[in-house]
Amino acid sequence: MIYMELFLTFFVIGMFTIGGGYAMLSLIQNEVVTVHGWISDGAFTDIVAISQMTPGPIGINSATYIGYEVLSNTGASEFMCILGSFTATFAVVLPSFLIVLMLCKMYEKWKNHYLFRGVMDGLKPATLGLIGTAALGLATPENFIDWKSYVICILAFIALYLKKIGPFAIIGLGAIAGLLLY
């Protein structure tokens, strides 16, 4: 029964969270601490701290840890705790997977429609603007951005868009350039 509750709880969280993992945290906290009482506020704070330190999205990391912790608190075996982690993780990811799958099907059907093309043509510069804004926000003296970093950035842009070099090669070349210049 606890597995079904975990699945439904995290499926709903995954279905209705817009804005990424940090937006998901308040919903997770409300459900697992307040509504179900599975863990305490202090334990949730610890889970968030651990989820921030581990690689991957914080919302998914939190779901994984909470799934384990909920079963561990019931005295379940190690295997059952791992199954709880899997259940919560699968449930929180499943809605996004289904939505993307649906969008892929819709894309194939509508990709040549003029309204769809118009929306996509509007989203491309908006996305570039958001990424550019984030990059400029990080380009501060506190982050040790100097002229060499700007040169590497410009060369990477030229390599990517004019020379059509792949992103993995650019990342590798950037790392080498960084090691040589610094």
# chains A, B, ... in the order shown; residues from 1 in each chain; ligands from 1
$ residues_around --residues "Met4 (chain A)" --least-positions-apart "4" --cutoff "12 Å" --atoms "only C-alpha atoms" --output "number ranges by chain"
A: 8-11, 67, 83-84, 87-88, 91
$ closest_atom_pairs --of "region 77-182 of chain A" --to "region 14-35 of chain A" --cutoff "9 Å" --atoms "only C-alpha atoms" --output "JSON lines"
{"residue": "A:Ala91", "atom": "CA", "partner": "A:Gly14", "partner_atom": "CA", "distance": 7.3}
{"residue": "A:Val92", "atom": "CA", "partner": "A:Gly14", "partner_atom": "CA", "distance": 4.5}
{"residue": "A:Val93", "atom": "CA", "partner": "A:Gly14", "partner_atom": "CA", "distance": 6.3}
{"residue": "A:Leu94", "atom": "CA", "partner": "A:Gly14", "partner_atom": "CA", "distance": 7.4}
{"residue": "A:Pro95", "atom": "CA", "partner": "A:Met15", "partner_atom": "CA", "distance": 5.2}
{"residue": "A:Ser96", "atom": "CA", "partner": "A:Gly14", "partner_atom": "CA", "distance": 6.9}
$ residues_around --residues "Asn61 (chain A)" --least-positions-apart "4" --cutoff "8 Å" --atoms "only C-alpha atoms" --output "MDAnalysis selection string"
chainID A and resid 51 54 56:57 65 89
$ write_last_selection --atoms "C-alpha atoms" --output "JSON list (two decimals), in the first residue's frame"
[["chain", "number", "residue", "atom", "x", "y", "z"],
["A", 51, "SER", "CA", 20.00, 16.33, -2.92],
["A", 54, "THR", "CA", 24.55, 14.93, -5.41],
["A", 56, "GLY", "CA", 21.31, 15.37, -10.97],
["A", 57, "PRO", "CA", 18.12, 17.37, -10.66],
["A", 65, "TYR", "CA", 15.98, 9.82, -1.12],
["A", 89, "THR", "CA", 11.78, 8.40, -8.70]]
$ select_by_dssp --residues "region 22-66 of chain A" --states "helix (DSSP H, G or I)" --output "PyMOL selection string"
chain A and resi 22-35+41-53+58-66
$ write_last_selection --atoms "C-alpha atoms" --output "tab-separated table (two decimals), in the first residue's frame"
chain	number	residue	atom	x	y	z
A	22	TYR	CA	13.37	23.88	-6.91
A	23	ALA	CA	9.73	24.65	-7.67
A	24	MET	CA	8.99	21.01	-6.84
A	25	LEU	CA	10.51	21.19	-3.36
A	26	SER	CA	7.63	23.03	-1.70
A	27	LEU	CA	5.12	20.54	-3.11
A	28	ILE	CA	7.26	17.62	-1.96
A	29	GLN	CA	7.62	19.12	1.50
A	30	ASN	CA	3.90	19.72	1.82
A	31	GLU	CA	3.05	16.18	0.75
A	32	VAL	CA	5.65	14.18	2.65
A	33	VAL	CA	5.83	16.28	5.83
A	34	THR	CA	2.39	17.84	6.25
A	35	VAL	CA	-0.10	15.66	4.39
A	41	ASP	CA	10.81	19.00	8.75
A	42	GLY	CA	14.37	18.44	9.95
A	43	ALA	CA	14.72	15.26	7.91
A	44	PHE	CA	13.34	17.07	4.86
A	45	THR	CA	15.92	19.82	5.28
A	46	ASP	CA	18.64	17.18	5.41
A	47	ILE	CA	17.23	15.53	2.29
A	48	VAL	CA	17.30	18.83	0.40
A	49	ALA	CA	20.92	19.44	1.47
A	50	ILE	CA	21.98	15.97	0.33
A	51	SER	CA	20.00	16.33	-2.92
A	52	GLN	CA	21.82	19.58	-3.69
A	53	MET	CA	25.21	17.93	-3.19
A	58	ILE	CA	17.24	18.26	-7.08
A	59	GLY	CA	13.59	17.26	-7.39
A	60	ILE	CA	14.44	13.80	-8.66
A	61	ASN	CA	17.23	13.35	-6.10
A	62	SER	CA	14.81	14.34	-3.33
A	63	ALA	CA	12.18	11.88	-4.56
A	64	THR	CA	14.77	9.10	-4.65
A	65	TYR	CA	15.98	9.82	-1.12
A	66	ILE	CA	12.46	10.26	0.28
$ residues_around --residues "Ile2 (chain A)" --least-positions-apart "2" --cutoff "9 Å" --atoms "only C-alpha atoms" --output "ChimeraX atom specification"
/A:4-7,70-71,84
$ write_last_selection --atoms "N, CA and C atoms" --output "PDB file, in the first residue's frame"
ATOM      1  N   MET A   4       1.986   2.311  -3.448  1.00  0.00           N
ATOM      2  CA  MET A   4       0.956   2.992  -4.234  1.00  0.00           C
ATOM      3  C   MET A   4       0.825   4.445  -3.785  1.00  0.00           C
ATOM      4  N   GLU A   5       0.879   4.678  -2.474  1.00  0.00           N
ATOM      5  CA  GLU A   5       0.813   6.056  -1.970  1.00  0.00           C
ATOM      6  C   GLU A   5       2.015   6.866  -2.448  1.00  0.00           C
ATOM      7  N   LEU A   6       3.209   6.270  -2.387  1.00  0.00           N
ATOM      8  CA  LEU A   6       4.415   6.945  -2.886  1.00  0.00           C
ATOM      9  C   LEU A   6       4.263   7.275  -4.363  1.00  0.00           C
ATOM     10  N   PHE A   7       3.824   6.281  -5.136  1.00  0.00           N
ATOM     11  CA  PHE A   7       3.678   6.485  -6.572  1.00  0.00           C
ATOM     12  C   PHE A   7       2.692   7.610  -6.867  1.00  0.00           C
ATOM     13  N   VAL A  70      11.213   6.820   3.500  1.00  0.00           N
ATOM     14  CA  VAL A  70       9.864   6.450   3.933  1.00  0.00           C
ATOM     15  C   VAL A  70       9.798   4.963   4.251  1.00  0.00           C
ATOM     16  N   LEU A  71      10.364   4.141   3.387  1.00  0.00           N
ATOM     17  CA  LEU A  71      10.346   2.693   3.636  1.00  0.00           C
ATOM     18  C   LEU A  71      11.274   2.320   4.783  1.00  0.00           C
ATOM     19  N   GLY A  84      11.336   1.407  -2.828  1.00  0.00           N
ATOM     20  CA  GLY A  84      10.663   2.677  -2.526  1.00  0.00           C
ATOM     21  C   GLY A  84      11.327   3.839  -3.243  1.00  0.00           C
TER      22      GLY A  84
END
